[in-house]
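Engineer: I'd like to ask some things about the structure below.
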Amino acid sequence: MMGKYETKYTLFDSLAAMLSPETLSSLLGCTVSRVACRPFEYSNGFSGNRLFNVEADAHKLVLKILRPAFDWLAMGTKDQRCRAIRVWQYGLLDRIRPHMQHAILAACRDADEYGILMQDLSAGLIPFGQEVTPQLVYPMLDALARMHAIFWDDENLYADELGLCQPVKVASSFWPRMLDNYRHDPVIVAKLKKGWEALFELVEPDVRDALQSLMDNPQTLFDTLAKYPSTFVHSDYRLDNLAWMADTHELFVFDWQNAGIAPATIGMSWFVMSGGLFDRQDEYVEYYRRQLTKYLDGRLDPGQWQPMLELGCMVDVLRKGNWHAYFSVTGEDEAGKAYMRQSVDSYNDIVRRGLAWL
């Protein structure tokens, strides 16, 4: 029987209250006399959210302001209650410690905006373009397998108060029929349309037709996914949303806006099929499988692994194939375009293998 989650943390009722010297003194365990807040110098990306550096005397923190009414990711997944905060507020993120850390110190709701106050993780961020070795990837995959094992087949994840993404929302956020969700941002709409056009031109005709059919009539896909165990997935677990603290060997994971319930392989494939890991996918998939098998201690049916894997990879194509196709034809860097094209070329076999299980 599904249980009910109770709030573990209380939200402040304003940004001012959360950032007051008194509040920060309590959160940091020391006296804070001065607080300064300034926006990040670089772009905060496409989502419409904003990032700020917060200085509490000598302590450096980060504030993220989330605006569901302007966040195209929130709109695509129907997130009006700020899922990124709710998974912390109801204690889900505490359950994955010490394998993953979340860095959240406090959160607030201020009118139609939400704020998340976090530790400054800049020292552990992985610079864009830096070579990522297996010695760094393995701990990230191990932590992911541990999280998936902790929440394996946990029906409590469907509790209304959590508001987690269902597989249909995880998979379909950027589909052509969903573009009306982003009408406030014509730049994003244009990129999404161009991405789908490029993808349909680049893949083989049978794969193009299959992708179009799946997006027009996805129920068979989602009914099939529902036959397999589900777990708690980050849904955007990739190098850009991770920080590795080399001195303490701690992995911090942030940006939980798309957190959802889905077969574990949907969360895993998003990671291993992302930039920088493509060349060693098979090795990383096998490592994850071994770790998940170990942590589940007999709860993973070996006969379910292959369909879960191949369906999960096909869902990954449905989620971001258009973006890879977009950058394969519009990127400014020729090496980057070639890398994306290599990824798109692999989709032909991925989709065909996934279809065999429907």
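Identifiers in the structure tokens: chain A, B, ... in order shown; residue index from 1 per chain; ligand index from 1 in order shown.
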Which residues are close to segment 214-225 of chain A, i.e. within 9 Å by only C-alpha atoms, leaving aside same-chain residues fewer than 4 positions away? Reply as an MDAnalysis selection string.

Structural biologist: chainID A and resid 167:168 172 175:177 209:210 229:230 262:263 308 311:312 315 318 355 357:358

Engineer: Using only C-alpha atoms, determine which residues lie at most 9 Å from Glu161 of chain A, disregarding the query and same-chain residues fewer than 2 positions distant; provide the list as a ChimeraX atom specification.

Structural biologist: /A:4-6,86,90,158-159,163-164

Engineer: Restricting the calculation to only C-alpha atoms, which member of A:Trp72, A:Phe12, A:Tyr288, A:Phe252 is positioned closest to Leu179 of chain A?

Structural biologist: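 Checking each candidate against Leu179 of chain A, we get A:Trp72 as the closest.
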
Engineer: Point out the residue among A:His249, A:Arg183, A:Lys337, A:Lys8 with the least atom-to-atom distance to Ile85 of chain A, counting only C-alpha atoms.

Structural biologist: A:Lys8

Engineer: Choose the residue, out of A:Ala123, A:Ile96, A:Leu136, A:Ala103, that has the smallest atom-to-atom separation from His234 of chain A; count only C-alpha atoms.

Structural biologist: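 Smallest separation from His234 of chain A among the options: A:Ile96.
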
Engineer: Among segment 115-214 of chain A, which ones does DSSP assign to alpha helix (DSSP H) (computed from the backbone)? Answer as an MDAnalysis selection string.

Structural biologist: chainID A and resid 134:150 167:172 186:202 205:214

Engineer: May I have the residues within 8 Å of Met147 of chain A as an MDAnalysis selection string, using only C-alpha atoms and disregarding those fewer than 3 positions away in the same chain?

Structural biologist: chainID A and resid 96 99 143:144 150:151 232

Engineer: Which residues are close to segment 320-335 of chain A, i.e. within 6 Å by only C-alpha atoms, leaving aside same-chain residues fewer than 5 positions away? Reply as a ChimeraX atom specification.

Structural biologist: /A:195-196,198-199,340-341

Engineer: Save out the residues we just selected, C-alpha atoms, as a PDB file, in the first residue's frame.

Structural biologist:
```pdb
ATOM      1  CA  GLY A 195      16.362  19.385 -34.679  1.00  0.00           C
ATOM      2  CA  TRP A 196      13.482  17.063 -35.565  1.00  0.00           C
ATOM      3  CA  ALA A 198      17.520  17.146 -39.122  1.00  0.00           C
ATOM      4  CA  LEU A 199      16.984  13.890 -37.245  1.00  0.00           C
ATOM      5  CA  MET A 340      27.132  14.506 -32.761  1.00  0.00           C
ATOM      6  CA  ARG A 341      26.692  12.972 -36.203  1.00  0.00           C
TER       7      ARG A 341
END
```

Engineer: Quick one: of A:Gly336, A:Pro307, A:Pro302, A:Gly267, who's nearest to Val170 of chain A, counting only C-alpha atoms?

Structural biologist: A:Gly267

Engineer: Taking the backbone alone, and naming residues the way the document does, which bits of segment 24-120 of chain A are strand (DSSP E or B) by DSSP, as a count of residues only?

Structural biologist: 35

Engineer: Pick from A:Asp247, A:Leu125, A:Gln304, A:Glu204: nearest to Asp349 of chain A, with only C-alpha atoms counted?

Structural biologist: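 When distances to Asp349 of chain A are compared using only C-alpha atoms, the smallest one comes from A:Glu204.
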
Engineer: So which one's closest to Asp79 of chain A, A:Asn241, A:Thr133, A:Ser213, A:Asn181? Using only C-alpha atoms, please.

Structural biologist: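 Of A:Asn241, A:Thr133, A:Ser213, A:Asn181, the one nearest Asp79 of chain A is A:Asn181, counting only C-alpha atoms.
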